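Novice: Take a look at this one; I'll ask things after.
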Amino acid sequence: SKGGWWVDVRLINPFIGAVTGIMPQIGFSNITRKGISLKEKKFMVSGVVLTLGIVGDKKGNVVYSIDMDGAKKIASTMMMGMPVEELDDMSKSALSELSNMLTANASINFSNDGINVDISVPTMMYGEEIEINLQKDNIVCIDFDVDGIVLSVNVALD
């Protein structure tokens, strides 16, 4: 229903603000929102997936997904341009930190709207055809183009 969609928009604006605010601070210059779509509870992604839990006034998860090449480029940029040939511990740590920074910033944006949430530490998965199973009816996916890298932010909150 359209009503539900507007509720979702209020829940995703803090994440949109986080991506457009944080990515330039860590070395990216062109951040564009590509689109917003609704997803089923279960969906498949390939690449790197970072999931954080959200509790408080809103409960659920945010799932960041980036294809493998994009994830390596992001890790490299975060590590001052150091080449990343494969996902090693250092690049995994950089990507986890990115998901922390984005979600912490979103939680500040929520609190500015009078919504108080806490976030969990990220869990990371990577590979081909990872099944994401979020127990929420409306999962909103926001796709960003970050210097040519597609970053998807999947928000499942109620």
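Starting from 1 in every chain, residues are counted up; chains themselves are A, B, ... following the order of the structure tokens, and ligands are numbered from 1 as listed.
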Can you list, as a list of chain:residue names, every protein, DNA or RNA residue that comes within 12 Å of Ile149 of chain A when you count only C-alpha atoms, leaving out same-chain residues fewer than 6 positions away?

Specialist: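 With the cut-off at 12 Å, the set is A:Met23, A:Phe28, A:Ser29, A:Asn30, A:Ile31, A:Thr32, A:Arg33, A:Lys34, A:Ser65, A:Ile66, A:Asp67, A:Met68, A:Asp69, A:Gly70, A:Ala71, A:Lys72, A:Lys73, A:Ile74, A:Ala75, A:Thr77, A:Asp143.
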
Novice: I'd like the neighbourhood of Lys59 of chain A as an NGL selection string, where a residue qualifies if any of its atoms comes within 8 Å (using only C-alpha atoms), though same-chain residues fewer than 6 positions away should be ignored.

Specialist: :A and (53 or 117 or 157-158)

Novice: Please report, as a PyMOL selection string, each residue of segment 37-156 of chain A to which DSSP assigns strand (DSSP E) when run on this structure's backbone.

Specialist: chain A and resi 37-39+42-56+60-66+117-119+123-133+139-146+149-156

Novice: Choose the residue, out of A:Val63, A:Met80, A:Leu38, A:Val55, that has the smallest atom-to-atom separation from Asn100 of chain A; count only C-alpha atoms.

Specialist: A:Val63

Novice: Considering only C-alpha atoms, return as a compact mmCIF listing (two decimals) with C-alpha atoms, in the first residue's frame whatever protein or nucleic-acid residues lie within 7 Å of segment 88-95 of chain A, sequence-local ones (same chain, fewer than 3 positions apart) excluded.

Specialist:
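Dumped to selection05.txt:
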```
# COMPACT_ATOMS: atom_id res chain seq x y z
CA ALA A 75 38.61 -1.50 0.73
CA MET A 78 39.69 3.10 2.57
CA LEU A 98 32.56 1.02 6.69
CA SER A 99 29.32 -0.78 7.59
```

Novice: Rank A:Phe43, A:Leu102, A:Ser120, A:Tyr126 by their smallest atom-to-atom distance to Phe15 of chain A, using only C-alpha atoms, and report the top residue only.

Specialist: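 Closest candidate: A:Leu102.
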
Novice: Residues of chain A classed as helix (DSSP H, G or I) by DSSP on the backbone are to be reported as an MDAnalysis selection string.

Specialist: chainID A and resid 2:26 68:78 89:112

Novice: Smallest atom-to-atom distance to Ser107 of chain A: which of A:Gly127, A:Asp57, A:Thr20, A:Ile36, using only C-alpha atoms?

Specialist: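 Among A:Gly127, A:Asp57, A:Thr20, A:Ile36, it is A:Asp57 that comes nearest to Ser107 of chain A.
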
Novice: Provide the atom CA of Pro122 of chain A to atom CA of Val9 of chain A distance in Å, to one decimal place.

Specialist: 23.4 Å

Novice: Nearest residue to Leu134 of chain A out of A:Leu52, A:Ala156, A:Val45, A:Ala104, using only C-alpha atoms?

Specialist: A:Ala156
